[in-house]
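Raw final.cif, mmCIF, C-alpha atoms and all ligand atoms:
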data_protein
loop_
_atom_site.label_atom_id
_atom_site.label_comp_id
_atom_site.auth_asym_id
_atom_site.auth_seq_id
_atom_site.Cartn_x
_atom_site.Cartn_y
_atom_site.Cartn_z
CA MET A 1 74.64 -37.41 80.90
CA LEU A 2 71.77 -36.77 78.55
CA ALA A 3 72.28 -36.29 74.88
CA CYS A 4 71.56 -32.68 74.00
CA GLY A 5 69.13 -33.60 71.24
CA SER A 6 67.12 -35.83 73.56
CA PHE A 7 66.93 -33.16 76.20
CA LEU A 8 65.65 -30.56 73.76
CA ALA A 9 63.05 -32.95 72.43
CA ALA A 10 61.87 -33.69 75.94
CA VAL A 11 61.43 -30.12 77.10
CA ALA A 12 59.67 -29.22 73.88
CA ILE A 13 56.68 -31.33 74.95
CA PRO A 14 53.78 -28.98 75.77
CA VAL A 15 53.18 -28.65 79.49
CA SER A 16 49.61 -29.89 79.26
CA ALA A 17 50.72 -33.04 77.49
CA ALA A 18 53.67 -33.54 79.78
CA VAL A 19 51.50 -33.31 82.87
CA GLY A 20 49.32 -36.05 81.52
CA LEU A 21 52.31 -38.19 80.71
CA THR A 22 53.80 -37.84 84.17
CA LEU A 23 50.79 -38.37 86.37
CA ASP A 24 52.08 -41.33 88.33
CA PRO A 25 55.57 -39.98 89.07
CA LEU A 26 54.13 -36.72 90.33
CA LEU A 27 51.77 -38.52 92.65
CA ARG A 28 54.63 -40.52 94.09
CA LYS A 29 56.90 -37.52 94.57
CA SER A 30 54.33 -35.17 96.05
CA GLY A 31 53.37 -37.68 98.68
CA THR A 32 49.75 -36.59 98.42
CA SER A 33 47.09 -38.87 99.68
CA ALA A 34 43.68 -39.43 98.16
CA ASP A 35 42.23 -37.02 100.70
CA SER A 36 44.69 -34.19 100.34
CA SER A 37 43.60 -32.49 97.12
CA PRO A 38 40.87 -29.85 97.10
CA GLY A 39 38.44 -32.35 95.70
CA GLY A 40 39.91 -35.34 97.52
CA ASN A 41 41.30 -36.64 94.25
CA PRO A 42 44.90 -35.65 93.43
CA ALA A 43 44.86 -37.61 90.18
CA ALA A 44 41.99 -35.46 88.98
CA GLU A 45 43.83 -32.30 90.03
CA LEU A 46 46.92 -33.31 88.10
CA ALA A 47 44.90 -34.34 85.08
CA SER A 48 43.25 -30.93 85.09
CA GLY A 49 46.66 -29.25 85.10
CA PHE A 50 47.02 -28.39 88.80
CA LEU A 51 50.42 -29.08 90.30
CA PRO A 52 51.39 -29.17 93.99
CA ILE A 53 53.82 -26.28 94.53
CA ILE A 54 54.36 -25.34 98.17
CA ARG A 55 52.70 -25.56 101.55
CA PHE A 56 50.55 -22.54 102.39
CA ASP A 57 52.25 -22.17 105.78
CA GLU A 58 55.62 -21.76 104.07
CA LEU A 59 54.50 -18.50 102.46
CA PRO A 60 55.22 -15.28 104.41
CA GLU A 61 52.24 -14.04 106.39
CA ASP A 62 52.83 -10.46 105.25
CA GLY A 63 52.13 -11.32 101.61
CA THR A 64 55.69 -10.92 100.38
CA PRO A 65 55.90 -12.65 96.98
CA VAL A 66 57.70 -15.99 96.93
CA LYS A 67 59.30 -17.15 93.71
CA SER A 68 58.92 -20.83 92.85
CA VAL A 69 60.09 -22.90 89.92
CA VAL A 70 57.43 -25.21 88.49
CA ARG A 71 58.93 -28.64 87.80
CA ILE A 72 57.50 -31.76 86.27
CA ASP A 73 58.78 -35.13 85.22
CA VAL A 74 58.90 -35.17 81.42
CA ARG A 75 58.60 -38.55 79.75
CA ASP A 76 59.00 -39.43 76.11
CA ALA A 77 58.58 -42.85 74.54
CA TRP A 78 61.87 -44.13 75.97
CA GLN A 79 63.02 -42.06 78.91
CA VAL A 80 61.91 -40.06 81.92
CA PHE A 81 63.54 -36.70 82.62
CA PRO A 82 62.79 -35.94 86.27
CA ASP A 83 62.18 -32.50 87.72
CA GLN A 84 62.39 -30.49 84.53
CA PRO A 85 61.73 -26.76 85.06
CA VAL A 86 58.85 -25.55 82.91
CA GLY A 87 58.24 -22.12 84.36
CA THR A 88 58.51 -19.76 87.30
CA ILE A 89 55.75 -18.21 89.36
CA TYR A 90 55.25 -15.77 92.25
CA LEU A 91 52.93 -16.69 95.11
CA ARG A 92 51.43 -14.30 97.66
CA ARG A 93 49.60 -15.34 100.82
CA PHE A 94 46.65 -13.43 102.28
CA PRO A 95 45.14 -13.45 105.79
CA ASP A 96 41.86 -14.96 104.60
CA ARG A 97 43.82 -18.11 103.70
CA THR A 98 43.89 -17.42 99.99
CA VAL A 99 46.81 -17.19 97.62
CA VAL A 100 47.37 -15.10 94.52
CA VAL A 101 49.75 -16.52 91.93
CA PHE A 102 51.35 -14.69 89.01
CA SER A 103 53.34 -15.95 86.07
CA ASP A 104 56.78 -14.34 85.88
CA ILE A 105 56.44 -14.00 82.09
CA CYS A 106 56.10 -10.35 81.15
CA PRO A 107 52.87 -9.84 79.14
CA HIS A 108 54.68 -7.27 76.98
CA LEU A 109 57.07 -9.50 75.03
CA GLY A 110 57.84 -12.42 77.29
CA CYS A 111 60.91 -11.52 79.33
CA LYS A 112 61.04 -12.54 82.99
CA VAL A 113 59.83 -10.08 85.60
CA ASP A 114 61.71 -9.70 88.87
CA TYR A 115 60.29 -8.93 92.29
CA GLU A 116 61.95 -5.80 93.66
CA ALA A 117 61.45 -5.83 97.42
CA ASP A 118 62.84 -2.32 97.92
CA GLN A 119 60.33 -0.92 95.43
CA SER A 120 57.46 -3.26 96.36
CA ARG A 121 56.85 -4.02 92.72
CA PHE A 122 57.52 -6.45 89.90
CA PHE A 123 59.84 -5.09 87.23
CA CYS A 124 60.80 -6.27 83.75
CA PRO A 125 64.32 -5.25 82.75
CA CYS A 126 63.73 -5.62 79.01
CA HIS A 127 61.56 -2.56 78.40
CA SER A 128 60.93 -1.34 81.96
CA SER A 129 57.42 -2.64 82.56
CA ALA A 130 56.49 -2.25 86.20
CA PHE A 131 53.65 -3.95 88.05
CA ALA A 132 52.21 -3.38 91.51
CA LEU A 133 52.02 -6.27 93.97
CA ASP A 134 48.44 -6.89 92.86
CA GLY A 135 49.72 -7.38 89.32
CA GLN A 136 48.35 -4.14 87.89
CA ALA A 137 50.57 -2.35 85.39
CA MET A 138 52.26 0.78 86.77
CA ASN A 139 53.13 2.18 83.34
CA LYS A 140 51.88 1.78 79.79
CA VAL A 141 54.53 -0.61 78.45
CA SER A 142 52.63 -3.86 79.04
CA PRO A 143 49.25 -4.23 77.31
CA ARG A 144 47.77 -5.99 80.37
CA PRO A 145 48.45 -6.78 84.04
CA LEU A 146 50.63 -9.67 85.12
CA ASP A 147 48.98 -12.97 84.27
CA GLN A 148 47.32 -14.49 87.31
CA LEU A 149 47.20 -18.29 87.53
CA GLU A 150 44.46 -20.41 89.06
CA ALA A 151 45.38 -21.74 92.49
CA ARG A 152 43.75 -23.90 95.14
CA ILE A 153 44.65 -24.88 98.68
CA ASP A 154 43.80 -28.41 99.67
CA PRO A 155 42.65 -29.48 103.17
CA ALA A 156 46.21 -30.53 104.01
CA GLY A 157 47.51 -27.03 103.27
CA MET A 158 49.20 -27.70 99.94
CA VAL A 159 48.94 -24.98 97.30
CA TRP A 160 48.10 -26.33 93.85
CA VAL A 161 48.63 -24.14 90.80
CA LYS A 162 47.40 -24.54 87.25
CA TYR A 163 50.50 -23.58 85.32
CA GLN A 164 49.69 -21.97 81.97
CA GLU A 165 51.38 -19.59 79.57
CA PHE A 166 49.66 -16.82 77.64
CA ARG A 167 50.22 -14.91 74.42
CA THR A 168 52.27 -11.78 74.88
CA GLY A 169 51.85 -8.37 73.32
CA ILE A 170 48.05 -8.29 73.35
CA PRO A 171 45.55 -6.91 75.88
CA GLU A 172 43.64 -10.19 76.13
CA LYS A 173 44.79 -13.15 78.22
CA VAL A 174 44.91 -16.00 75.70
CA VAL A 175 46.36 -19.40 76.64
CA VAL A 176 49.07 -20.66 74.29
S1 LIG B 201 59.25 -7.84 77.68
FE1 LIG B 201 58.88 -6.98 79.61
S2 LIG B 201 58.82 -4.88 79.25
FE2 LIG B 201 59.08 -5.73 77.31
#

Translate this structure into structure tokens?
Ligand code: FES
Amino acid sequence: MLACGSFLAAVAIPVSAAVGLTLDPLLRKSGTSADSSPGGNPAAELASGFLPIIRFDELPEDGTPVKSVVRIDVRDAWQVFPDQPVGTIYLRRFPDRTVVVFSDICPHLGCKVDYEADQSRFFCPCHSSAFALDGQAMNKVSPRPLDQLEARIDPAGMVWVKYQEFRTGIPEKVVV
């Protein structure tokens, strides 16, 4: 059982720093080979902030959004905290073998958006922002569309996503 204080300190590490700290464990867990990243160099992908998330073939062919929790091993000076959730994303597959990935953080004020299958939209319960499946705002609550994240598919079919968070409440997409 982890001490509460230690846990809080660990998850407070910025994602970019944590990714750098956990390079080796991620490589071991993902099972990626030197040839399986888009550039043939998974270490470089991880160092640049890309994380292996899911296999492309596991995403529905019809483009239905799939929710995925982004997890990393967080390490401080003394301990490793494996598989810590740092965020949640939605992935959509397209016939031309591309993926579109959105953050689930509402650009309005930072609540979590839900995918509503019956409405074919993303919806934020806090102040009723609604977004189409392409991320565009369907009303004027949010100052910008859903935040799209960079994604790549490697030759082995693994989807890599650059997980980032952005300032809320402004029209511009600014990394925090
Ligand atoms: S935080 Fe989502 S609508 Fe306000």

Using only the atoms of ligand LIG 201 (chain B) listed in the file, plus 5 Å on each side, state the axis-aligned box centre and edge lengths in Å rounded to one decimal, as lines of an AutoDock Vina configuration file.
center_x = 59.0
center_y = -6.4
center_z = 78.5
size_x = 10.4
size_y = 13.0
size_z = 12.3

- Item | Protein and nucleic residues near ligand LIG 201 (chain B), 10 Å, only C-alpha atoms and all ligand atoms, as number ranges by chain | A: 104-113, 123-130, 139-143, 168-169

- Query: Counting only C-alpha atoms, which of A:Val159, A:Val100, A:Ala151, A:Val86 gets nearest to Phe56 of chain A?
  - Reply: A:Val159

- Mind listing whatever residues come within 8 Å of the point (45.1, -19.9, 86.5)? Use all atoms listed in the file, file coordinates, and give them as JSON, numbers by chain. {"A": [101, 148, 149, 150, 151, 161, 162, 163, 164]}

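Each of A:Val66, A:Ile153, A:Ala77, A:Leu146 was checked against Tyr115 of chain A using all atoms listed in the file; the smallest atom-to-atom distance is that of A:Val66.
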